[in-house]
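Engineer: So I've got this file, structure.csv, and it contains CSV, N, CA and C atoms:
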chain,number,residue,atom,x,y,z
A,7,MET,N,18.3,-143.3,46.6
A,7,MET,CA,18.4,-144.6,47.2
A,7,MET,C,17.8,-145.7,46.3
A,8,LYS,N,16.7,-145.5,45.6
A,8,LYS,CA,16.1,-146.5,44.8
A,8,LYS,C,17.0,-146.8,43.6
A,9,ILE,N,17.7,-145.7,43.1
A,9,ILE,CA,18.6,-145.9,42.0
A,9,ILE,C,19.8,-146.8,42.4
A,10,LYS,N,20.4,-146.6,43.5
A,10,LYS,CA,21.4,-147.5,44.0
A,10,LYS,C,21.0,-148.9,44.1
A,11,THR,N,19.8,-149.1,44.7
A,11,THR,CA,19.2,-150.4,44.8
A,11,THR,C,19.0,-151.1,43.5
A,12,LEU,N,18.5,-150.4,42.5
A,12,LEU,CA,18.3,-150.9,41.2
A,12,LEU,C,19.6,-151.3,40.5
A,13,LEU,N,20.6,-150.4,40.7
A,13,LEU,CA,21.9,-150.7,40.1
A,13,LEU,C,22.5,-152.0,40.7
A,14,ALA,N,22.4,-152.1,42.0
A,14,ALA,CA,23.0,-153.3,42.7
A,14,ALA,C,22.2,-154.6,42.2
A,15,ALA,N,20.9,-154.5,42.2
A,15,ALA,CA,20.1,-155.7,41.8
A,15,ALA,C,20.4,-156.0,40.3
A,16,SER,N,20.5,-154.9,39.5
A,16,SER,CA,20.8,-155.2,38.0
A,16,SER,C,22.1,-155.8,37.8
A,17,ALA,N,23.1,-155.4,38.6
A,17,ALA,CA,24.4,-156.0,38.4
A,17,ALA,C,24.4,-157.5,38.8
A,18,ILE,N,23.7,-157.8,39.8
A,18,ILE,CA,23.6,-159.3,40.2
A,18,ILE,C,22.8,-160.0,39.1
A,19,ALA,N,21.7,-159.4,38.7
A,19,ALA,CA,20.9,-160.1,37.7
A,19,ALA,C,21.7,-160.4,36.4
A,20,LEU,N,22.5,-159.4,36.0
A,20,LEU,CA,23.3,-159.6,34.8
A,20,LEU,C,24.3,-160.7,34.9
A,21,ALA,N,24.8,-160.9,36.1
A,21,ALA,CA,25.8,-161.9,36.4
A,21,ALA,C,25.2,-163.3,36.4
A,22,LEU,N,23.9,-163.4,36.5
A,22,LEU,CA,23.2,-164.8,36.5
A,22,LEU,C,23.0,-165.3,35.1
A,23,PRO,N,22.9,-166.6,34.9
A,23,PRO,CA,22.6,-167.1,33.6
A,23,PRO,C,21.2,-166.6,33.1
A,24,MET,N,21.1,-166.4,31.8
A,24,MET,CA,19.9,-165.9,31.2
A,24,MET,C,18.6,-166.6,31.7
A,25,ALA,N,18.7,-167.9,31.7
A,25,ALA,CA,17.5,-168.7,32.1
A,25,ALA,C,17.1,-168.4,33.5
A,26,ALA,N,18.0,-168.0,34.3
A,26,ALA,CA,17.7,-167.7,35.7
A,26,ALA,C,17.2,-166.3,36.0
A,27,GLN,N,17.2,-165.5,34.9
A,27,GLN,CA,16.7,-164.1,35.1
A,27,GLN,C,15.2,-164.0,34.9
A,28,ALA,N,14.5,-164.9,35.4
A,28,ALA,CA,13.1,-164.9,35.3
A,28,ALA,C,12.5,-163.9,36.3
A,29,GLN,N,11.2,-163.9,36.4
A,29,GLN,CA,10.6,-163.0,37.3
A,29,GLN,C,10.9,-163.1,38.8
A,30,GLY,N,11.3,-164.3,39.2
A,30,GLY,CA,11.6,-164.5,40.6
A,30,GLY,C,12.8,-163.6,41.0
A,31,THR,N,13.7,-163.4,40.1
A,31,THR,CA,14.8,-162.5,40.4
A,31,THR,C,14.4,-161.1,40.6
A,32,LEU,N,13.5,-160.6,39.7
A,32,LEU,CA,13.1,-159.2,39.9
A,32,LEU,C,12.2,-159.0,41.1
A,33,ARG,N,11.3,-159.9,41.3
A,33,ARG,CA,10.4,-159.7,42.5
A,33,ARG,C,11.2,-159.9,43.7
A,34,GLY,N,12.2,-160.8,43.8
A,34,GLY,CA,13.0,-161.0,44.9
A,34,GLY,C,13.8,-159.7,45.2
A,35,ALA,N,14.4,-159.1,44.2
A,35,ALA,CA,15.2,-157.9,44.3
A,35,ALA,C,14.3,-156.8,44.9
A,36,GLU,N,13.2,-156.6,44.3
A,36,GLU,CA,12.3,-155.6,44.8
A,36,GLU,C,11.9,-155.7,46.3
A,37,ARG,N,11.5,-156.9,46.6
A,37,ARG,CA,11.1,-157.2,48.0
A,37,ARG,C,12.3,-157.0,48.9
A,38,GLY,N,13.4,-157.6,48.6
A,38,GLY,CA,14.6,-157.5,49.4
A,38,GLY,C,15.1,-156.1,49.6
A,39,ALA,N,15.1,-155.3,48.5
A,39,ALA,CA,15.5,-153.9,48.7
A,39,ALA,C,14.6,-153.1,49.6
A,40,GLN,N,13.3,-153.4,49.5
A,40,GLN,CA,12.3,-152.6,50.3
A,40,GLN,C,12.5,-153.0,51.8
A,41,GLU,N,12.6,-154.3,52.0
A,41,GLU,CA,12.7,-154.8,53.4
A,41,GLU,C,14.0,-154.3,54.0
A,42,GLY,N,15.1,-154.4,53.2
A,42,GLY,CA,16.4,-154.0,53.7
A,42,GLY,C,16.4,-152.5,54.0
A,43,ALA,N,15.8,-151.7,53.1
A,43,ALA,CA,15.8,-150.2,53.3
A,43,ALA,C,15.0,-149.9,54.6
A,44,ASP,N,13.9,-150.6,54.8
A,44,ASP,CA,13.0,-150.4,55.9
A,44,ASP,C,13.8,-150.7,57.2
A,45,ALA,N,14.6,-151.7,57.2
A,45,ALA,CA,15.3,-152.2,58.4
A,45,ALA,C,16.6,-151.4,58.6
A,46,ALA,N,17.4,-151.1,57.6
A,46,ALA,CA,18.7,-150.5,57.8
A,46,ALA,C,19.0,-149.3,56.8
A,47,GLY,N,18.0,-148.7,56.3
A,47,GLY,CA,18.3,-147.5,55.4
A,47,GLY,C,18.9,-147.9,54.1
A,48,PRO,N,19.6,-146.9,53.4
A,48,PRO,CA,20.1,-147.1,52.1
A,48,PRO,C,21.0,-148.3,51.9
A,49,ILE,N,21.9,-148.5,52.8
A,49,ILE,CA,22.8,-149.6,52.7
A,49,ILE,C,22.0,-151.0,52.8
A,50,GLY,N,21.1,-151.0,53.7
A,50,GLY,CA,20.2,-152.2,53.9
A,50,GLY,C,19.5,-152.5,52.6
A,51,GLY,N,19.1,-151.4,51.9
A,51,GLY,CA,18.3,-151.6,50.7
A,51,GLY,C,19.2,-152.2,49.6
A,52,ILE,N,20.4,-151.8,49.5
A,52,ILE,CA,21.4,-152.4,48.5
A,52,ILE,C,21.6,-153.9,48.8
A,53,VAL,N,22.0,-154.1,50.1
A,53,VAL,CA,22.2,-155.5,50.5
A,53,VAL,C,21.0,-156.4,50.3
A,54,GLY,N,19.8,-155.8,50.8
A,54,GLY,CA,18.6,-156.6,50.7
A,54,GLY,C,18.2,-156.9,49.3
A,55,GLY,N,18.4,-155.9,48.4
A,55,GLY,CA,18.1,-156.1,46.9
A,55,GLY,C,19.0,-157.3,46.4
A,56,ALA,N,20.2,-157.3,46.7
A,56,ALA,CA,21.1,-158.4,46.2
A,56,ALA,C,20.7,-159.7,46.7
A,57,VAL,N,20.4,-159.8,48.0
A,57,VAL,CA,20.0,-161.1,48.6
A,57,VAL,C,18.7,-161.5,48.1
A,58,GLY,N,17.8,-160.5,47.9
A,58,GLY,CA,16.4,-160.8,47.4
A,58,GLY,C,16.5,-161.3,46.0
A,59,ALA,N,17.4,-160.8,45.2
A,59,ALA,CA,17.5,-161.2,43.8
A,59,ALA,C,18.0,-162.7,43.7
A,60,ALA,N,19.0,-163.0,44.6
A,60,ALA,CA,19.5,-164.4,44.6
A,60,ALA,C,18.4,-165.3,45.1
A,61,THR,N,17.7,-164.9,46.1
A,61,THR,CA,16.6,-165.8,46.7
A,61,THR,C,15.5,-166.0,45.7
A,62,GLY,N,15.1,-164.9,45.0
A,62,GLY,CA,14.0,-165.0,44.0
A,62,GLY,C,14.4,-165.9,42.8
A,63,THR,N,15.7,-165.9,42.4
A,63,THR,CA,16.2,-166.7,41.3
A,63,THR,C,16.1,-168.2,41.8
A,64,ILE,N,16.6,-168.5,43.0
A,64,ILE,CA,16.6,-169.8,43.5
A,64,ILE,C,15.2,-170.4,43.5
A,65,GLY,N,14.2,-169.5,43.8
A,65,GLY,CA,12.8,-169.9,43.9
A,65,GLY,C,12.2,-170.2,42.5
A,66,GLY,N,12.8,-169.7,41.5
A,66,GLY,CA,12.3,-169.9,40.1
A,66,GLY,C,11.4,-168.8,39.7
A,67,ILE,N,10.6,-169.1,38.6
A,67,ILE,CA,9.7,-168.1,38.1
A,67,ILE,C,8.6,-167.7,39.1
A,68,LEU,N,8.1,-168.6,39.8
A,68,LEU,CA,7.0,-168.3,40.7
A,68,LEU,C,7.5,-167.7,42.0
A,69,GLY,N,8.7,-168.0,42.3
A,69,GLY,CA,9.3,-167.5,43.6
A,69,GLY,C,9.0,-168.5,44.7
A,70,VAL,N,9.8,-168.4,45.8
A,70,VAL,CA,9.7,-169.4,46.8
A,70,VAL,C,8.4,-169.5,47.5
A,71,GLU,N,7.7,-168.3,47.7
A,71,GLU,CA,6.5,-168.3,48.4
A,71,GLU,C,5.3,-168.8,47.6
A,72,ASP,N,5.3,-168.6,46.3
A,72,ASP,CA,4.2,-169.0,45.4
A,72,ASP,C,4.2,-170.4,45.0
A,73,ARG,N,5.3,-171.1,45.0
A,73,ARG,CA,5.4,-172.5,44.5
A,73,ARG,C,4.4,-173.4,45.2
A,74,PRO,N,4.4,-173.5,46.6
A,74,PRO,CA,3.5,-174.5,47.2
A,74,PRO,C,2.1,-174.1,47.0
A,75,ARG,N,1.8,-172.8,47.0
A,75,ARG,CA,0.4,-172.3,46.7
A,75,ARG,C,0.0,-172.7,45.3
A,76,PHE,N,0.9,-172.5,44.3
A,76,PHE,CA,0.5,-172.8,43.0
A,76,PHE,C,0.3,-174.3,42.8
A,77,ARG,N,1.2,-175.1,43.4
A,77,ARG,CA,1.0,-176.6,43.3
A,77,ARG,C,-0.4,-177.0,43.9
A,78,SER,N,-0.8,-176.4,45.0
A,78,SER,CA,-2.1,-176.7,45.5
A,78,SER,C,-3.2,-176.2,44.6
A,79,TYR,N,-3.0,-175.1,43.9
A,79,TYR,CA,-4.0,-174.6,43.0
A,79,TYR,C,-4.2,-175.6,41.8
A,80,VAL,N,-3.1,-176.1,41.3
A,80,VAL,CA,-3.1,-177.1,40.2
A,80,VAL,C,-3.8,-178.4,40.7
A,81,ARG,N,-3.4,-178.8,41.9
A,81,ARG,CA,-4.0,-180.1,42.4
A,81,ARG,C,-5.5,-179.9,42.6
A,82,GLU,N,-6.0,-178.8,43.1
A,82,GLU,CA,-7.4,-178.5,43.4
A,82,GLU,C,-8.2,-178.6,42.1
A,83,ARG,N,-7.5,-178.2,40.9
A,83,ARG,CA,-8.2,-178.2,39.7
A,83,ARG,C,-8.3,-179.6,39.0
A,84,ASN,N,-7.6,-180.6,39.6
A,84,ASN,CA,-7.7,-181.9,39.2
A,84,ASN,C,-7.3,-182.0,37.7
A,85,VAL,N,-6.3,-181.3,37.3
A,85,VAL,CA,-5.8,-181.3,35.9
A,85,VAL,C,-5.3,-182.7,35.5
A,86,ARG,N,-5.8,-183.2,34.4
A,86,ARG,CA,-5.3,-184.5,33.9
A,86,ARG,C,-3.9,-184.4,33.4
A,87,SER,N,-3.1,-185.4,33.8
A,87,SER,CA,-1.7,-185.5,33.5
A,87,SER,C,-1.5,-186.0,32.1
A,88,TYR,N,-0.6,-185.4,31.4
A,88,TYR,CA,-0.2,-185.9,30.0
A,88,TYR,C,1.0,-186.8,30.2
A,89,ASP,N,0.9,-188.0,29.6
A,89,ASP,CA,1.9,-189.0,29.6
A,89,ASP,C,3.0,-188.6,28.5
A,90,TYR,N,4.2,-188.3,28.9
A,90,TYR,CA,5.2,-187.9,28.0
A,90,TYR,C,6.4,-188.8,28.1
A,91,ASP,N,6.9,-189.2,26.9
A,91,ASP,CA,8.0,-190.2,26.9
A,91,ASP,C,9.4,-189.5,27.1
A,92,GLY,N,9.4,-188.2,26.9
A,92,GLY,CA,10.7,-187.5,27.1
A,92,GLY,C,11.0,-187.2,28.5
A,93,ARG,N,12.1,-186.5,28.7
A,93,ARG,CA,12.5,-186.0,30.1
A,93,ARG,C,11.7,-184.7,30.4
A,94,VAL,N,11.2,-184.7,31.6
A,94,VAL,CA,10.4,-183.5,32.1
A,94,VAL,C,11.4,-182.6,32.8
A,95,VAL,N,12.1,-181.8,32.0
A,95,VAL,CA,13.1,-180.9,32.5
A,95,VAL,C,13.0,-179.5,31.8
A,96,VAL,N,13.5,-178.5,32.4
A,96,VAL,CA,13.5,-177.2,31.8
A,96,VAL,C,14.2,-177.3,30.5
A,97,GLY,N,13.6,-176.7,29.5
A,97,GLY,CA,14.1,-176.8,28.1
A,97,GLY,C,13.5,-177.8,27.2
A,98,SER,N,12.8,-178.8,27.8
A,98,SER,CA,12.1,-179.8,26.9
A,98,SER,C,10.9,-179.1,26.3
A,99,THR,N,10.6,-179.5,25.0
A,99,THR,CA,9.5,-178.9,24.3
A,99,THR,C,8.4,-179.9,24.2
A,100,LEU,N,7.2,-179.6,24.7
A,100,LEU,CA,6.1,-180.5,24.7
A,100,LEU,C,5.4,-180.3,23.3
A,101,PRO,N,4.6,-181.3,22.9
A,101,PRO,CA,3.9,-181.2,21.7
A,101,PRO,C,2.8,-180.1,21.7
A,102,SER,N,2.4,-179.6,20.6
A,102,SER,CA,1.4,-178.5,20.5
A,102,SER,C,0.0,-179.2,20.5
A,103,SER,N,-0.1,-180.4,20.2
A,103,SER,CA,-1.4,-181.1,20.2
A,103,SER,C,-1.4,-182.3,21.2
A,104,GLY,N,-2.5,-182.6,21.8
A,104,GLY,CA,-2.6,-183.7,22.7
A,104,GLY,C,-2.4,-183.3,24.2
A,105,VAL,N,-1.8,-182.1,24.4
A,105,VAL,CA,-1.6,-181.6,25.7
A,105,VAL,C,-2.5,-180.4,25.9
A,106,THR,N,-3.1,-180.3,27.1
A,106,THR,CA,-4.0,-179.2,27.4
A,106,THR,C,-3.2,-178.2,28.2
A,107,TYR,N,-3.1,-177.0,27.8
A,107,TYR,CA,-2.4,-175.9,28.5
A,107,TYR,C,-3.4,-175.0,29.1
A,108,TYR,N,-3.1,-174.5,30.3
A,108,TYR,CA,-4.0,-173.6,31.0
A,108,TYR,C,-3.3,-172.3,31.4
A,109,ASP,N,-4.1,-171.3,31.4
A,109,ASP,CA,-3.6,-169.9,31.8
A,109,ASP,C,-3.3,-169.9,33.3
A,110,VAL,N,-2.2,-169.2,33.6
A,110,VAL,CA,-1.8,-169.1,35.0
A,110,VAL,C,-2.6,-167.8,35.6
A,111,PRO,N,-3.2,-167.9,36.7
A,111,PRO,CA,-4.0,-166.8,37.2
A,111,PRO,C,-3.0,-165.6,37.4
A,112,ASN,N,-3.6,-164.4,37.3
A,112,ASN,CA,-2.8,-163.1,37.4
A,112,ASN,C,-2.1,-163.0,38.7
A,113,GLU,N,-2.7,-163.5,39.8
A,113,GLU,CA,-2.2,-163.4,41.1
A,113,GLU,C,-0.7,-163.9,41.3
A,114,TYR,N,-0.3,-164.8,40.3
A,114,TYR,CA,1.0,-165.4,40.4
A,114,TYR,C,2.1,-164.5,39.6
A,115,ASN,N,1.6,-163.5,39.0
A,115,ASN,CA,2.5,-162.5,38.3
A,115,ASN,C,3.6,-163.1,37.4
A,116,VAL,N,3.2,-164.0,36.6
A,116,VAL,CA,4.1,-164.6,35.6
A,116,VAL,C,4.0,-163.8,34.3
A,117,THR,N,5.0,-164.0,33.5
A,117,THR,CA,5.1,-163.3,32.2
A,117,THR,C,3.9,-163.7,31.3
A,118,ARG,N,3.4,-162.7,30.6
A,118,ARG,CA,2.3,-163.0,29.7
A,118,ARG,C,2.7,-164.1,28.7
A,119,GLY,N,1.8,-165.0,28.5
A,119,GLY,CA,2.0,-166.1,27.6
A,119,GLY,C,2.5,-167.4,28.3
A,120,THR,N,2.9,-167.3,29.6
A,120,THR,CA,3.2,-168.4,30.4
A,120,THR,C,2.0,-169.2,30.8
A,121,ARG,N,2.0,-170.5,30.5
A,121,ARG,CA,0.9,-171.3,30.8
A,121,ARG,C,1.4,-172.5,31.7
A,122,TYR,N,0.4,-173.3,32.1
A,122,TYR,CA,0.8,-174.5,32.9
A,122,TYR,C,0.1,-175.7,32.4
A,123,THR,N,0.7,-176.9,32.7
A,123,THR,CA,0.1,-178.2,32.4
A,123,THR,C,0.7,-179.2,33.4
A,124,VAL,N,0.2,-180.4,33.4
A,124,VAL,CA,0.7,-181.4,34.2
A,124,VAL,C,1.3,-182.5,33.3
A,125,VAL,N,2.5,-182.9,33.5
A,125,VAL,CA,3.2,-183.9,32.6
A,125,VAL,C,3.8,-184.9,33.5
A,126,ASN,N,3.4,-186.2,33.3
A,126,ASN,CA,3.9,-187.3,34.1
A,126,ASN,C,3.7,-187.0,35.6
A,127,ASP,N,2.5,-186.5,35.9
A,127,ASP,CA,2.1,-186.1,37.3
A,127,ASP,C,2.9,-185.0,37.9
A,128,ARG,N,3.6,-184.2,37.1
A,128,ARG,CA,4.4,-183.1,37.6
A,128,ARG,C,3.9,-181.8,37.0
A,129,PRO,N,3.4,-180.8,37.8
A,129,PRO,CA,3.0,-179.5,37.2
A,129,PRO,C,4.3,-178.8,36.6
A,130,VAL,N,4.1,-178.2,35.4
A,130,VAL,CA,5.1,-177.5,34.8
A,130,VAL,C,4.6,-176.2,34.2
A,131,LEU,N,5.5,-175.2,34.1
A,131,LEU,CA,5.2,-173.9,33.5
A,131,LEU,C,5.8,-174.0,32.1
A,132,VAL,N,5.1,-173.5,31.1
A,132,VAL,CA,5.6,-173.5,29.7
A,132,VAL,C,5.5,-172.1,29.1
A,133,ASP,N,6.4,-171.9,28.1
A,133,ASP,CA,6.3,-170.6,27.4
A,133,ASP,C,5.4,-170.7,26.2
A,134,GLY,N,5.3,-169.7,25.4
A,134,GLY,CA,4.4,-169.7,24.2
A,134,GLY,C,4.8,-170.8,23.2
A,135,ARG,N,6.0,-171.3,23.2
A,135,ARG,CA,6.4,-172.4,22.3
A,135,ARG,C,6.3,-173.8,22.9
A,136,HIS,N,5.6,-173.9,24.0
A,136,HIS,CA,5.4,-175.1,24.7
A,136,HIS,C,6.7,-175.7,25.3
A,137,ARG,N,7.7,-174.8,25.5
A,137,ARG,CA,8.9,-175.3,26.1
A,137,ARG,C,8.8,-175.1,27.6
A,138,ILE,N,9.2,-176.2,28.4
A,138,ILE,CA,9.1,-176.2,29.8
A,138,ILE,C,10.1,-175.1,30.4
A,139,ILE,N,9.6,-174.2,31.2
A,139,ILE,CA,10.4,-173.2,31.7
A,139,ILE,C,10.6,-173.3,33.3
A,140,GLU,N,9.7,-174.2,33.8
A,140,GLU,CA,9.9,-174.5,35.3
A,140,GLU,C,9.1,-175.8,35.6
A,141,VAL,N,9.8,-176.6,36.3
A,141,VAL,CA,9.1,-177.9,36.8
A,141,VAL,C,8.8,-177.7,38.3
A,142,LEU,N,7.6,-177.8,38.7
A,142,LEU,CA,7.2,-177.5,40.1
A,142,LEU,C,7.1,-178.8,40.9
A,143,ASP,N,8.2,-179.4,41.3
A,143,ASP,CA,8.2,-180.6,42.1
A,143,ASP,C,7.9,-180.3,43.5
For the file at hand, write its structure as structure tokens.

Structural biologist:
Amino acid sequence: MKIKTLLAASAIALALPMAAQAQGTLRGAERGAQEGADAAGPIGGIVGGAVGAATGTIGGILGVEDRPRFRSYVRERNVRSYDYDGRVVVGSTLPSSGVTYYDVPNEYNVTRGTRYTVVNDRPVLVDGRHRIIEVLD
């Protein structure tokens, strides 16, 4: 049963753009497969995995449920916003100096090396090369 679920989720994940194959997809597929299997057996697990993968991808790296909680986390820390002249979009690269980058707590299950900062009053996740990988509006 788990193998079928993984195969279905993998097929969907491979069909998505590479940028969308972030952790949200994998966590969504896992959760959807488990909930589907609990509700409707093996077939429910396959369908649940596929739906969960799509939902997780739409939610981004943090996933649908973690986004509001993470925005609150950043707001509570009163992180100073960096004024950036460029566009604050996925793929933009921020400077290595002048910007303060912070570690994302383990509870959010992001990839090692992912950090966050606030740019133009918008929290963003960045990779190890300071490239924006998610904008948390």

Engineer: Taking 2 positions as the minimum chain separation for residues in the same chain, which residues sit within 6 Å of stretch 104-120 of chain A when counting all atoms listed in the file? Answer as JSON, numbers by chain.

Structural biologist: {"A": [101, 102, 122, 123, 132, 133, 134]}

Engineer: What does the structure give for the distance between atom N of A:Val70 and atom CA of A:Asp91, in Å to one decimal?

Structural biologist: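 Taking atom N of A:Val70 and atom CA of A:Asp91, their separation equals 28.9 Å.
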
Engineer: Restricting the calculation to all atoms listed in the file, which member of A:Asp89, A:Ser103, A:Val96, A:Val141 is positioned closest to A:Val125?

Structural biologist: A:Asp89

Engineer: Quick one, how far is atom CA of A:Asn126 from atom CA of A:Glu140?

Structural biologist: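 Pair atom CA of A:Asn126 / atom CA of A:Glu140 returns 14.2 Å.
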
Engineer: Enter the distance from atom CA of A:Gly92 to atom CA of A:Leu131, in Å, rounded to one decimal.

Structural biologist: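 Result for atom CA of A:Gly92 versus atom CA of A:Leu131: 16.0 Å, one decimal.
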